[in-house]
2 protein chains.
Amino acid sequence: MNKEFQEELTARTRQVEAVIEKYLPCAEGYQKTVIEAMNYSIQAGGKRLRPMLMWETYRMFGGRSEVIEPFMAAIEMIHTYSLVHDDLPAMDNDEYRRGKKTTHAQFGEGMGILAGDGLLNYAFETAARAFELEPGNSQIGKALYVLARKSGIHGMLGGQCVDVEAEGKTVPQEMLTFIYSLKTGALLEASMMIGAILAGATSSEQKQVEQAAGELGLAFQIQDDILDVTSTTEELGKPVGSDEKNHKTTWVTLYDIDQAKQEVERLSRQSIEHMNTLVVKNEFLSSLMIELIHRKK
Amino acid sequence: MNKEFQEELTARTRQVEAVIEKYLPCAEGYQKTVIEAMNYSIQAGGKRLRPMLMWETYRMFGGRSEVIEPFMAAIEMIHTYSLVHDDLPAMDNDEYRRGKKTTHAQFGEGMGILAGDGLLNYAFETAARAFELEPGNSQIGKALYVLARKSGIHGMLGGQCVDVEAEGKTVPQEMLTFIYSLKTGALLEASMMIGAILAGATSSEQKQVEQAAGELGLAFQIQDDILDVTSTTEELGKPVGSDEKNHKTTWVTLYDIDQAKQEVERLSRQSIEHMNTLVVKNEFLSSLMIELIHRKK
């Protein structure tokens, strides 16, 4: 990563953090605990990748209003709720994430469930505040539909369900691609599509962006499989070798590391090509997409 | 309950069921199991009270379009998700509801969590389909915001969280009223408000309806407390005496049965009075509200 991009990335991450912060619920009233648990989960950190992709896509298509902001916060809430519920004892049963106690480990299992529910629900409450900002903007309804569709059973949640059911089984490539596309790809698609929709991109531009984001998501997830084998726990900031331990089918177990690397290359080239067909450009977004695919952690 | 009202209620419940059915997701694809679990939960039955209140309020204010339908299905999905997650081992740990196995008892704990998440998410996906039905209708955004707000941490979910935390403790009346207003009242408020909003009711009419629904919810919940003490398991269709067993503070433990009955009377009179201030009338809705408050099961 070159220094200039690194500095830009740090600055923009801070801006995204400020937007998310602005839309967090206030921890007050009798229901203070659940709100604290929700905010704890969001503030535990992360790359803020999804709101950043959304914002950059929005800017690329000429978007300039704050109507994008509630959607940026909303997608991060949805991403976070999925982690909170994934970590639950009945799911992956993880006590730590990013070096901090997971939500249920900190607040108890019942509150972990409720905080996840709270985040998912509050994501839509937050996104719906966009209607107040721009009552006459008919794109908001479309953006909200995409947010819900890509998060739900035909998107991220659907991918997680298939992933849970596939545990311990040998998964054919077609199914693995399906899981990755939904579990990881769908929220990236939502992020970039919502940016495009709210900025007034045409339907065909929205489709190009969806395609590029889907390929990015797939490449991102295969890179995850590679890092789980080739990286160190220190470098990655989480235990490596977890896929093997959990007997998970990954791109690396289906093929081998070299083939997985080739697939990441192929998908990232395709994704960039899809972005290049657009008349509008955003150099930072292109660098970010390339960086994500070739990341070392 | 007089025979005429009973017949009308049966007929309208069937109509509501048909609307809900129309919006259920199709159980197909790799993620079939979670969709089956979602539909199992919804099809386990229930009074369909919330979508019915919504529809009748919509009709009362002259609403005639199918734009109300996705919201009717959505509110039933939200009500159902809350039951599915409430029944989980880390929450109330109930194996049976309405004589059928609860979702997690039938599909496993992990799938119980995911099915609840799926229902909450799909509720918003479904409600957002209203934008496609009437793209220019600016009331839809408001209705969606109310749906999210009244379901979330400042509505139903907030009430549940306080309820969970209050378990085993003595709860003062102010806090009990807060819990009931949110846990039970908020979704009834959402139901009737959304009906009013989508039918184009004025702000002050929306407020009257919200007030009436809130009082209805409170009366409904206190009646629940009374029935838990005075009814039989056979009549109620679920175990009686569960509040005492769980050391719960209820209106009956805070006061006594007679005082609780008086409070139900007072609230129901207030609720009806609020409805009577409206220029529009819906006789079936009034009968339904009275019936709910004085129900024996």
# chains A, B, ... in the order shown; residues from 1 in each chain; ligands from 1

call {"tool": "interface_residues", "arguments": {"of": "chain B", "to": "chain A", "cutoff": "8 Å", "atoms": "only C-alpha atoms", "output": "ChimeraX atom specification"}}
result
/B:30-31,34-35,85,90-91,109-111,113-114,117-118,120-122,124-125,128-129,131,135-136,138,141-142,144-145,148-149,151-153,157-159,161-162,175

call {"tool": "write_last_selection", "arguments": {"atoms": "C-alpha atoms", "output": "PDB file, in the first residue's frame"}}
result
ATOM      1  CA  TYR B  30     -30.111 -23.640  -0.988  1.00  0.00           C
ATOM      2  CA  GLN B  31     -31.542 -21.523   1.842  1.00  0.00           C
ATOM      3  CA  VAL B  34     -34.513 -21.048   7.021  1.00  0.00           C
ATOM      4  CA  ILE B  35     -37.469 -20.050   4.849  1.00  0.00           C
ATOM      5  CA  HIS B  85     -36.627 -15.058  19.724  1.00  0.00           C
ATOM      6  CA  ALA B  90     -31.342 -18.055  26.324  1.00  0.00           C
ATOM      7  CA  MET B  91     -34.639 -16.183  26.704  1.00  0.00           C
ATOM      8  CA  GLU B 109     -31.356 -23.271  18.205  1.00  0.00           C
ATOM      9  CA  GLY B 110     -29.122 -21.804  15.508  1.00  0.00           C
ATOM     10  CA  MET B 111     -31.921 -21.967  12.946  1.00  0.00           C
ATOM     11  CA  ILE B 113     -32.031 -17.394  15.786  1.00  0.00           C
ATOM     12  CA  LEU B 114     -31.633 -17.154  12.006  1.00  0.00           C
ATOM     13  CA  ASP B 117     -33.557 -12.581  12.030  1.00  0.00           C
ATOM     14  CA  GLY B 118     -34.971 -13.630   8.677  1.00  0.00           C
ATOM     15  CA  LEU B 120     -37.449  -9.228  11.015  1.00  0.00           C
ATOM     16  CA  ASN B 121     -35.415  -8.502   7.908  1.00  0.00           C
ATOM     17  CA  TYR B 122     -38.077  -9.844   5.544  1.00  0.00           C
ATOM     18  CA  PHE B 124     -38.808  -4.569   5.957  1.00  0.00           C
ATOM     19  CA  GLU B 125     -38.142  -6.159   2.575  1.00  0.00           C
ATOM     20  CA  ALA B 128     -40.514  -1.797   1.010  1.00  0.00           C
ATOM     21  CA  ARG B 129     -42.368  -3.527  -1.822  1.00  0.00           C
ATOM     22  CA  PHE B 131     -42.809   1.573  -3.094  1.00  0.00           C
ATOM     23  CA  PRO B 135     -43.939   4.908  -6.439  1.00  0.00           C
ATOM     24  CA  GLY B 136     -45.214   8.432  -5.930  1.00  0.00           C
ATOM     25  CA  SER B 138     -44.977   9.864  -0.015  1.00  0.00           C
ATOM     26  CA  GLY B 141     -41.822   6.393   3.763  1.00  0.00           C
ATOM     27  CA  LYS B 142     -43.590   7.704   6.871  1.00  0.00           C
ATOM     28  CA  LEU B 144     -42.053   2.551   7.085  1.00  0.00           C
ATOM     29  CA  TYR B 145     -40.423   4.812   9.633  1.00  0.00           C
ATOM     30  CA  ALA B 148     -39.269   0.498  12.322  1.00  0.00           C
ATOM     31  CA  ARG B 149     -39.506   2.947  15.214  1.00  0.00           C
ATOM     32  CA  SER B 151     -40.699  -2.251  16.608  1.00  0.00           C
ATOM     33  CA  GLY B 152     -37.244  -1.270  17.774  1.00  0.00           C
ATOM     34  CA  ILE B 153     -35.414  -0.123  20.868  1.00  0.00           C
ATOM     35  CA  LEU B 157     -37.827  -4.456  21.487  1.00  0.00           C
ATOM     36  CA  GLY B 158     -37.034  -1.815  24.095  1.00  0.00           C
ATOM     37  CA  GLY B 159     -39.940  -3.105  26.201  1.00  0.00           C
ATOM     38  CA  CYS B 161     -35.222  -5.685  26.998  1.00  0.00           C
ATOM     39  CA  VAL B 162     -36.489  -3.906  30.112  1.00  0.00           C
ATOM     40  CA  MET B 175     -41.639   1.004  34.995  1.00  0.00           C
TER      41      MET B 175
END

call {"tool": "calpha_fit_and_write", "arguments": {"fixed": "chain B", "moving": "chain A", "output": "compact mmCIF listing (two decimals) with C-alpha atoms, in the first residue's frame"}}
result
# COMPACT_ATOMS: atom_id res chain seq x y z
CA MET A 1 -69.30 -12.18 21.87
CA ASN A 2 -72.46 -11.97 19.76
CA LYS A 3 -72.87 -14.36 16.87
CA GLU A 4 -72.91 -11.72 14.13
CA PHE A 5 -69.60 -10.21 15.29
CA GLN A 6 -68.11 -13.68 15.68
CA GLU A 7 -68.97 -14.55 12.08
CA GLU A 8 -67.62 -11.26 10.81
CA LEU A 9 -64.42 -11.77 12.80
CA THR A 10 -63.92 -15.25 11.35
CA ALA A 11 -64.46 -13.99 7.81
CA ARG A 12 -62.10 -11.06 8.22
CA THR A 13 -59.43 -13.19 9.90
CA ARG A 14 -59.52 -15.40 6.82
CA GLN A 15 -59.03 -12.37 4.57
CA VAL A 16 -56.07 -11.23 6.67
CA GLU A 17 -54.59 -14.74 6.52
CA ALA A 18 -54.85 -14.67 2.73
CA VAL A 19 -52.93 -11.37 2.58
CA ILE A 20 -50.18 -12.69 4.87
CA GLU A 21 -49.95 -15.92 2.86
CA LYS A 22 -49.51 -13.93 -0.35
CA TYR A 23 -46.40 -12.24 0.99
CA LEU A 24 -44.66 -15.27 2.53
CA PRO A 25 -41.32 -16.12 0.93
CA CYS A 26 -41.12 -19.17 -1.31
CA ALA A 27 -39.23 -22.03 0.37
CA GLU A 28 -36.77 -22.86 -2.42
CA GLY A 29 -33.07 -22.71 -3.19
CA TYR A 30 -30.13 -23.64 -0.98
CA GLN A 31 -31.55 -21.53 1.85
CA LYS A 32 -34.80 -23.51 1.90
CA THR A 33 -34.53 -24.53 5.56
CA VAL A 34 -34.53 -21.04 7.03
CA ILE A 35 -37.49 -20.05 4.86
CA GLU A 36 -39.36 -23.15 5.99
CA ALA A 37 -38.61 -22.22 9.59
CA MET A 38 -39.87 -18.67 8.99
CA ASN A 39 -43.08 -19.86 7.36
CA TYR A 40 -43.57 -22.51 10.06
CA SER A 41 -43.44 -19.77 12.69
CA ILE A 42 -45.94 -17.54 10.88
CA GLN A 43 -48.29 -20.38 10.02
CA ALA A 44 -48.36 -21.62 13.64
CA GLY A 45 -51.47 -19.46 14.00
CA GLY A 46 -52.51 -16.52 16.13
CA LYS A 47 -55.27 -13.95 16.17
CA ARG A 48 -53.70 -11.86 13.36
CA LEU A 49 -54.72 -8.95 15.52
CA ARG A 50 -52.11 -6.47 14.36
CA PRO A 51 -52.70 -6.73 10.60
CA MET A 52 -56.44 -6.73 11.30
CA LEU A 53 -56.26 -3.52 13.35
CA MET A 54 -54.14 -2.00 10.59
CA TRP A 55 -56.57 -2.94 7.85
CA GLU A 56 -59.65 -1.76 9.75
CA THR A 57 -58.03 1.55 10.62
CA TYR A 58 -57.01 1.97 6.98
CA ARG A 59 -60.57 1.27 5.85
CA MET A 60 -62.00 3.59 8.48
CA PHE A 61 -60.03 6.49 7.00
CA GLY A 62 -61.18 5.57 3.52
CA GLY A 63 -58.14 3.59 2.36
CA ARG A 64 -58.94 1.37 -0.62
CA SER A 65 -55.65 0.35 -2.25
CA GLU A 66 -53.51 -2.76 -1.89
CA VAL A 67 -50.59 -0.62 -0.68
CA ILE A 68 -51.64 -1.58 2.86
CA GLU A 69 -51.08 -5.30 2.20
CA PRO A 70 -47.28 -5.52 2.39
CA PHE A 71 -47.45 -3.59 5.66
CA MET A 72 -50.05 -6.02 7.04
CA ALA A 73 -47.77 -8.95 6.28
CA ALA A 74 -44.75 -7.03 7.62
CA ILE A 75 -46.26 -6.32 11.03
CA GLU A 76 -47.25 -9.96 11.47
CA MET A 77 -43.67 -10.98 10.57
CA ILE A 78 -42.31 -8.62 13.20
CA HIS A 79 -44.74 -9.88 15.83
CA THR A 80 -43.77 -13.46 14.93
CA TYR A 81 -40.00 -12.83 15.02
CA SER A 82 -40.40 -11.41 18.53
CA LEU A 83 -42.13 -14.63 19.65
CA VAL A 84 -39.49 -16.83 17.98
CA HIS A 85 -36.64 -15.05 19.73
CA ASP A 86 -38.58 -14.83 23.02
CA ASP A 87 -38.94 -18.61 23.05
CA LEU A 88 -35.19 -19.26 22.62
CA PRO A 89 -33.30 -21.19 25.34
CA ALA A 90 -31.36 -18.06 26.32
CA MET A 91 -34.65 -16.16 26.71
CA ASP A 92 -37.88 -17.80 28.01
CA ASN A 93 -36.81 -21.30 26.88
CA ASP A 94 -40.28 -22.41 25.74
CA GLU A 95 -40.69 -25.67 23.84
CA TYR A 96 -44.33 -25.20 22.94
CA ARG A 97 -46.51 -22.32 21.79
CA ARG A 98 -50.16 -22.65 20.84
CA GLY A 99 -49.82 -26.43 21.19
CA LYS A 100 -47.08 -26.62 18.54
CA LYS A 101 -43.34 -26.96 18.95
CA THR A 102 -41.60 -23.60 19.00
CA THR A 103 -39.34 -22.79 16.07
CA HIS A 104 -36.03 -23.59 17.75
CA ALA A 105 -37.50 -26.79 19.25
CA GLN A 106 -38.45 -27.86 15.73
CA PHE A 107 -35.45 -26.57 13.74
CA GLY A 108 -32.63 -26.28 16.29
CA GLU A 109 -31.38 -23.27 18.23
CA GLY A 110 -29.14 -21.79 15.51
CA MET A 111 -31.93 -21.95 12.96
CA GLY A 112 -34.31 -20.42 15.55
CA ILE A 113 -32.04 -17.39 15.81
CA LEU A 114 -31.64 -17.14 12.02
CA ALA A 115 -35.36 -17.61 11.32
CA GLY A 116 -36.16 -14.77 13.73
CA ASP A 117 -33.55 -12.57 12.04
CA GLY A 118 -34.98 -13.62 8.69
CA LEU A 119 -38.50 -12.60 9.68
CA LEU A 120 -37.45 -9.21 11.03
CA ASN A 121 -35.41 -8.50 7.90
CA TYR A 122 -38.08 -9.83 5.55
CA ALA A 123 -40.66 -7.62 7.23
CA PHE A 124 -38.81 -4.56 5.95
CA GLU A 125 -38.14 -6.14 2.58
CA THR A 126 -41.87 -6.82 2.30
CA ALA A 127 -42.96 -3.37 3.49
CA ALA A 128 -40.52 -1.80 1.02
CA ARG A 129 -42.37 -3.52 -1.82
CA ALA A 130 -45.08 -0.92 -1.28
CA PHE A 131 -42.81 1.57 -3.08
CA GLU A 132 -43.15 -0.52 -6.23
CA LEU A 133 -46.94 -0.57 -5.89
CA GLU A 134 -47.23 3.20 -5.55
CA PRO A 135 -43.93 4.90 -6.44
CA GLY A 136 -45.23 8.42 -5.94
CA ASN A 137 -46.94 7.85 -2.58
CA SER A 138 -44.98 9.86 -0.02
CA GLN A 139 -46.92 8.32 2.90
CA ILE A 140 -45.11 5.00 2.43
CA GLY A 141 -41.82 6.38 3.75
CA LYS A 142 -43.59 7.70 6.85
CA ALA A 143 -45.35 4.37 7.40
CA LEU A 144 -42.06 2.55 7.09
CA TYR A 145 -40.44 4.82 9.63
CA VAL A 146 -43.27 4.21 12.11
CA LEU A 147 -43.00 0.46 11.54
CA ALA A 148 -39.27 0.50 12.32
CA ARG A 149 -39.52 2.97 15.20
CA LYS A 150 -42.32 1.17 17.04
CA SER A 151 -40.70 -2.26 16.61
CA GLY A 152 -37.25 -1.28 17.78
CA ILE A 153 -35.43 -0.13 20.86
CA HIS A 154 -37.86 2.76 21.39
CA GLY A 155 -40.78 0.39 20.88
CA MET A 156 -41.45 -3.32 21.25
CA LEU A 157 -37.83 -4.46 21.49
CA GLY A 158 -37.05 -1.81 24.10
CA GLY A 159 -39.95 -3.10 26.20
CA GLN A 160 -38.73 -6.68 25.92
CA CYS A 161 -35.23 -5.68 27.01
CA VAL A 162 -36.50 -3.90 30.10
CA ASP A 163 -38.77 -6.88 30.81
CA VAL A 164 -35.83 -9.30 30.60
CA GLU A 165 -33.73 -7.17 32.91
CA ALA A 166 -36.59 -6.75 35.39
CA GLU A 167 -37.05 -10.49 35.85
CA GLY A 168 -37.01 -11.54 39.48
CA LYS A 169 -37.00 -7.91 40.64
CA THR A 170 -39.80 -5.84 42.12
CA VAL A 171 -40.86 -3.40 39.46
CA PRO A 172 -42.46 -0.04 40.34
CA GLN A 173 -45.70 0.84 38.55
CA GLU A 174 -44.11 3.53 36.38
CA MET A 175 -41.64 1.01 35.00
CA LEU A 176 -44.31 -1.67 34.54
CA THR A 177 -46.41 0.79 32.56
CA PHE A 178 -43.34 1.59 30.46
CA ILE A 179 -42.71 -2.12 29.76
CA TYR A 180 -46.34 -2.77 28.82
CA SER A 181 -46.61 0.33 26.66
CA LEU A 182 -43.58 -0.67 24.68
CA LYS A 183 -43.73 -4.46 24.71
CA THR A 184 -47.41 -4.72 23.85
CA GLY A 185 -48.62 -1.21 23.08
CA ALA A 186 -46.03 -0.14 20.52
CA LEU A 187 -46.92 -2.70 17.83
CA LEU A 188 -50.64 -1.95 18.23
CA GLU A 189 -49.81 1.74 17.87
CA ALA A 190 -47.78 0.97 14.76
CA SER A 191 -50.61 -1.12 13.31
CA MET A 192 -53.26 1.53 13.69
CA MET A 193 -50.99 4.46 12.87
CA ILE A 194 -49.79 2.85 9.63
CA GLY A 195 -53.40 2.24 8.64
CA ALA A 196 -54.14 5.91 9.31
CA ILE A 197 -50.99 7.23 7.60
CA LEU A 198 -51.44 5.20 4.40
CA ALA A 199 -55.10 6.21 4.19
CA GLY A 200 -54.05 9.86 4.35
CA ALA A 201 -55.31 10.73 7.84
CA THR A 202 -54.21 14.10 9.22
CA SER A 203 -51.44 14.36 11.83
CA SER A 204 -53.95 15.03 14.58
CA GLU A 205 -56.01 12.01 13.54
CA GLN A 206 -52.83 9.91 13.58
CA LYS A 207 -52.16 11.11 17.12
CA GLN A 208 -55.68 10.23 18.29
CA VAL A 209 -55.31 6.76 16.84
CA GLU A 210 -51.88 6.33 18.43
CA GLN A 211 -53.32 7.30 21.80
CA ALA A 212 -56.26 4.91 21.47
CA ALA A 213 -53.98 2.06 20.38
CA GLY A 214 -51.60 2.69 23.27
CA GLU A 215 -54.44 2.52 25.79
CA LEU A 216 -55.77 -0.57 24.07
CA GLY A 217 -52.33 -2.20 24.36
CA LEU A 218 -52.03 -1.39 28.04
CA ALA A 219 -55.54 -2.69 28.78
CA PHE A 220 -54.81 -5.79 26.69
CA GLN A 221 -51.67 -6.57 28.70
CA ILE A 222 -53.33 -6.00 32.08
CA GLN A 223 -56.15 -8.31 30.96
CA ASP A 224 -53.39 -10.84 30.22
CA ASP A 225 -52.18 -10.51 33.82
CA ILE A 226 -55.74 -11.08 35.07
CA LEU A 227 -56.31 -14.13 32.89
CA ASP A 228 -53.03 -15.66 34.04
CA VAL A 229 -54.56 -15.73 37.54
CA THR A 230 -58.28 -16.26 36.93
CA SER A 231 -58.42 -18.52 33.86
CA THR A 232 -57.74 -22.20 33.41
CA THR A 233 -55.04 -23.74 31.24
CA GLU A 234 -57.78 -25.39 29.20
CA GLU A 235 -59.64 -22.16 28.54
CA LEU A 236 -56.52 -20.11 27.86
CA GLY A 237 -54.73 -22.68 25.68
CA LYS A 238 -51.47 -22.03 27.54
CA PRO A 239 -50.32 -22.69 31.11
CA VAL A 240 -51.85 -20.32 33.69
CA GLY A 241 -49.96 -19.16 36.76
CA SER A 242 -46.78 -18.64 34.76
CA ASP A 243 -46.26 -15.09 36.05
CA GLU A 244 -46.23 -16.28 39.66
CA LYS A 245 -43.95 -19.19 38.75
CA ASN A 246 -41.52 -16.79 37.09
CA HIS A 247 -41.75 -14.31 40.01
CA LYS A 248 -42.93 -11.62 37.66
CA THR A 249 -44.29 -8.29 38.78
CA THR A 250 -47.65 -7.83 37.06
CA TRP A 251 -50.54 -5.46 37.50
CA VAL A 252 -52.16 -8.12 39.69
CA THR A 253 -49.16 -8.49 42.01
CA LEU A 254 -48.72 -4.70 42.25
CA TYR A 255 -52.40 -4.15 43.07
CA ASP A 256 -55.11 -6.81 43.20
CA ILE A 257 -57.49 -8.38 40.72
CA ASP A 258 -60.31 -5.91 41.34
CA GLN A 259 -58.02 -2.94 40.91
CA ALA A 260 -56.55 -4.50 37.78
CA LYS A 261 -60.05 -4.97 36.39
CA GLN A 262 -60.88 -1.35 37.17
CA GLU A 263 -57.74 -0.24 35.34
CA VAL A 264 -58.71 -2.29 32.28
CA GLU A 265 -62.14 -0.61 32.37
CA ARG A 266 -60.67 2.86 32.73
CA LEU A 267 -58.17 2.37 29.89
CA SER A 268 -60.69 0.81 27.55
CA ARG A 269 -63.15 3.66 28.15
CA GLN A 270 -60.37 6.15 27.38
CA SER A 271 -59.37 4.25 24.26
CA ILE A 272 -62.93 4.17 22.94
CA GLU A 273 -63.34 7.86 23.76
CA HIS A 274 -60.24 8.67 21.72
CA MET A 275 -61.70 6.73 18.80
CA ASN A 276 -65.03 8.52 19.23
CA THR A 277 -63.43 11.93 18.79
CA LEU A 278 -62.68 10.98 15.18
CA VAL A 279 -65.15 12.03 12.50
CA VAL A 280 -64.82 8.66 10.79
CA LYS A 281 -66.24 5.45 12.26
CA ASN A 282 -65.72 1.73 11.80
CA GLU A 283 -68.22 -0.28 13.83
CA PHE A 284 -66.37 -3.56 13.40
CA LEU A 285 -63.14 -1.96 14.64
CA SER A 286 -64.90 -0.63 17.74
CA SER A 287 -66.39 -4.05 18.48
CA LEU A 288 -63.01 -5.67 17.93
CA MET A 289 -61.30 -3.29 20.35
CA ILE A 290 -63.94 -3.91 23.03
CA GLU A 291 -63.76 -7.64 22.46
CA LEU A 292 -59.96 -7.66 22.81
CA ILE A 293 -60.03 -5.91 26.12
CA HIS A 294 -62.74 -8.15 27.58
CA ARG A 295 -61.47 -11.38 26.06
CA LYS A 296 -61.48 -14.57 28.12
CA LYS A 297 -58.46 -16.09 26.36

call {"tool": "select_by_dssp", "arguments": {"residues": "segment 88-228 of chain B", "states": "helix (DSSP H, G or I)", "output": "PyMOL selection string"}}
result
chain B and resi 103-107+109-127+130-133+139-151+156-166+173-198+203-228

call {"tool": "write_last_selection", "arguments": {"atoms": "C-alpha atoms", "output": "mmCIF file, in the first residue's frame"}}
result
data_model
loop_
_atom_site.group_PDB
_atom_site.id
_atom_site.type_symbol
_atom_site.label_atom_id
_atom_site.label_comp_id
_atom_site.auth_asym_id
_atom_site.auth_seq_id
_atom_site.Cartn_x
_atom_site.Cartn_y
_atom_site.Cartn_z
ATOM 1 C CA THR B 103 -39.323 -22.787 16.042
ATOM 2 C CA HIS B 104 -36.021 -23.599 17.749
ATOM 3 C CA ALA B 105 -37.505 -26.784 19.235
ATOM 4 C CA GLN B 106 -38.438 -27.853 15.716
ATOM 5 C CA PHE B 107 -35.439 -26.582 13.717
ATOM 6 C CA GLU B 109 -31.356 -23.271 18.205
ATOM 7 C CA GLY B 110 -29.122 -21.804 15.508
ATOM 8 C CA MET B 111 -31.921 -21.967 12.946
ATOM 9 C CA GLY B 112 -34.285 -20.429 15.526
ATOM 10 C CA ILE B 113 -32.031 -17.394 15.786
ATOM 11 C CA LEU B 114 -31.633 -17.154 12.006
ATOM 12 C CA ALA B 115 -35.351 -17.618 11.313
ATOM 13 C CA GLY B 116 -36.146 -14.769 13.718
ATOM 14 C CA ASP B 117 -33.557 -12.581 12.030
ATOM 15 C CA GLY B 118 -34.971 -13.630 8.677
ATOM 16 C CA LEU B 119 -38.503 -12.626 9.664
ATOM 17 C CA LEU B 120 -37.449 -9.228 11.015
ATOM 18 C CA ASN B 121 -35.415 -8.502 7.908
ATOM 19 C CA TYR B 122 -38.077 -9.844 5.544
ATOM 20 C CA ALA B 123 -40.661 -7.624 7.227
ATOM 21 C CA PHE B 124 -38.808 -4.569 5.957
ATOM 22 C CA GLU B 125 -38.142 -6.159 2.575
ATOM 23 C CA THR B 126 -41.869 -6.823 2.303
ATOM 24 C CA ALA B 127 -42.963 -3.379 3.488
ATOM 25 C CA ALA B 130 -45.077 -0.922 -1.276
ATOM 26 C CA PHE B 131 -42.809 1.573 -3.094
ATOM 27 C CA GLU B 132 -43.151 -0.510 -6.232
ATOM 28 C CA LEU B 133 -46.947 -0.569 -5.901
ATOM 29 C CA GLN B 139 -46.921 8.330 2.903
ATOM 30 C CA ILE B 140 -45.108 5.013 2.434
ATOM 31 C CA GLY B 141 -41.822 6.393 3.763
ATOM 32 C CA LYS B 142 -43.590 7.704 6.871
ATOM 33 C CA ALA B 143 -45.352 4.385 7.404
ATOM 34 C CA LEU B 144 -42.053 2.551 7.085
ATOM 35 C CA TYR B 145 -40.423 4.812 9.633
ATOM 36 C CA VAL B 146 -43.266 4.221 12.108
ATOM 37 C CA LEU B 147 -43.001 0.458 11.531
ATOM 38 C CA ALA B 148 -39.269 0.498 12.322
ATOM 39 C CA ARG B 149 -39.506 2.947 15.214
ATOM 40 C CA LYS B 150 -42.327 1.181 17.030
ATOM 41 C CA SER B 151 -40.699 -2.251 16.608
ATOM 42 C CA MET B 156 -41.450 -3.315 21.242
ATOM 43 C CA LEU B 157 -37.827 -4.456 21.487
ATOM 44 C CA GLY B 158 -37.034 -1.815 24.095
ATOM 45 C CA GLY B 159 -39.940 -3.105 26.201
ATOM 46 C CA GLN B 160 -38.718 -6.667 25.912
ATOM 47 C CA CYS B 161 -35.222 -5.685 26.998
ATOM 48 C CA VAL B 162 -36.489 -3.906 30.112
ATOM 49 C CA ASP B 163 -38.753 -6.877 30.814
ATOM 50 C CA VAL B 164 -35.816 -9.303 30.590
ATOM 51 C CA GLU B 165 -33.711 -7.175 32.916
ATOM 52 C CA ALA B 166 -36.577 -6.751 35.394
ATOM 53 C CA GLN B 173 -45.692 0.849 38.557
ATOM 54 C CA GLU B 174 -44.112 3.530 36.378
ATOM 55 C CA MET B 175 -41.639 1.004 34.995
ATOM 56 C CA LEU B 176 -44.303 -1.674 34.535
ATOM 57 C CA THR B 177 -46.413 0.791 32.554
ATOM 58 C CA PHE B 178 -43.330 1.581 30.454
ATOM 59 C CA ILE B 179 -42.711 -2.127 29.767
ATOM 60 C CA TYR B 180 -46.345 -2.790 28.815
ATOM 61 C CA SER B 181 -46.621 0.325 26.674
ATOM 62 C CA LEU B 182 -43.574 -0.685 24.675
ATOM 63 C CA LYS B 183 -43.734 -4.475 24.707
ATOM 64 C CA THR B 184 -47.422 -4.726 23.848
ATOM 65 C CA GLY B 185 -48.611 -1.203 23.086
ATOM 66 C CA ALA B 186 -46.031 -0.143 20.520
ATOM 67 C CA LEU B 187 -46.917 -2.702 17.825
ATOM 68 C CA LEU B 188 -50.641 -1.954 18.225
ATOM 69 C CA GLU B 189 -49.820 1.739 17.861
ATOM 70 C CA ALA B 190 -47.763 0.963 14.750
ATOM 71 C CA SER B 191 -50.597 -1.124 13.302
ATOM 72 C CA MET B 192 -53.259 1.527 13.677
ATOM 73 C CA MET B 193 -50.985 4.457 12.847
ATOM 74 C CA ILE B 194 -49.784 2.848 9.617
ATOM 75 C CA GLY B 195 -53.401 2.249 8.629
ATOM 76 C CA ALA B 196 -54.141 5.922 9.314
ATOM 77 C CA ILE B 197 -50.992 7.226 7.583
ATOM 78 C CA LEU B 198 -51.455 5.205 4.397
ATOM 79 C CA SER B 203 -51.440 14.380 11.842
ATOM 80 C CA SER B 204 -53.948 15.039 14.588
ATOM 81 C CA GLU B 205 -56.007 12.015 13.545
ATOM 82 C CA GLN B 206 -52.826 9.919 13.575
ATOM 83 C CA LYS B 207 -52.149 11.108 17.124
ATOM 84 C CA GLN B 208 -55.676 10.218 18.293
ATOM 85 C CA VAL B 209 -55.307 6.769 16.846
ATOM 86 C CA GLU B 210 -51.874 6.321 18.434
ATOM 87 C CA GLN B 211 -53.319 7.287 21.803
ATOM 88 C CA ALA B 212 -56.262 4.918 21.473
ATOM 89 C CA ALA B 213 -53.986 2.070 20.385
ATOM 90 C CA GLY B 214 -51.605 2.689 23.285
ATOM 91 C CA GLU B 215 -54.436 2.509 25.791
ATOM 92 C CA LEU B 216 -55.783 -0.579 24.071
ATOM 93 C CA GLY B 217 -52.342 -2.200 24.373
ATOM 94 C CA LEU B 218 -52.046 -1.416 28.049
ATOM 95 C CA ALA B 219 -55.551 -2.698 28.788
ATOM 96 C CA PHE B 220 -54.830 -5.797 26.692
ATOM 97 C CA GLN B 221 -51.690 -6.566 28.701
ATOM 98 C CA ILE B 222 -53.341 -6.005 32.093
ATOM 99 C CA GLN B 223 -56.157 -8.312 30.974
ATOM 100 C CA ASP B 224 -53.392 -10.837 30.232
ATOM 101 C CA ASP B 225 -52.190 -10.500 33.830
ATOM 102 C CA ILE B 226 -55.740 -11.055 35.092
ATOM 103 C CA LEU B 227 -56.323 -14.121 32.914
ATOM 104 C CA ASP B 228 -53.033 -15.647 34.088
#

call {"tool": "select_by_dssp", "arguments": {"residues": "segment 35-240 of chain B", "states": "strand (DSSP E or B)", "output": "ChimeraX atom specification"}}
result
/B:96-97,100-101
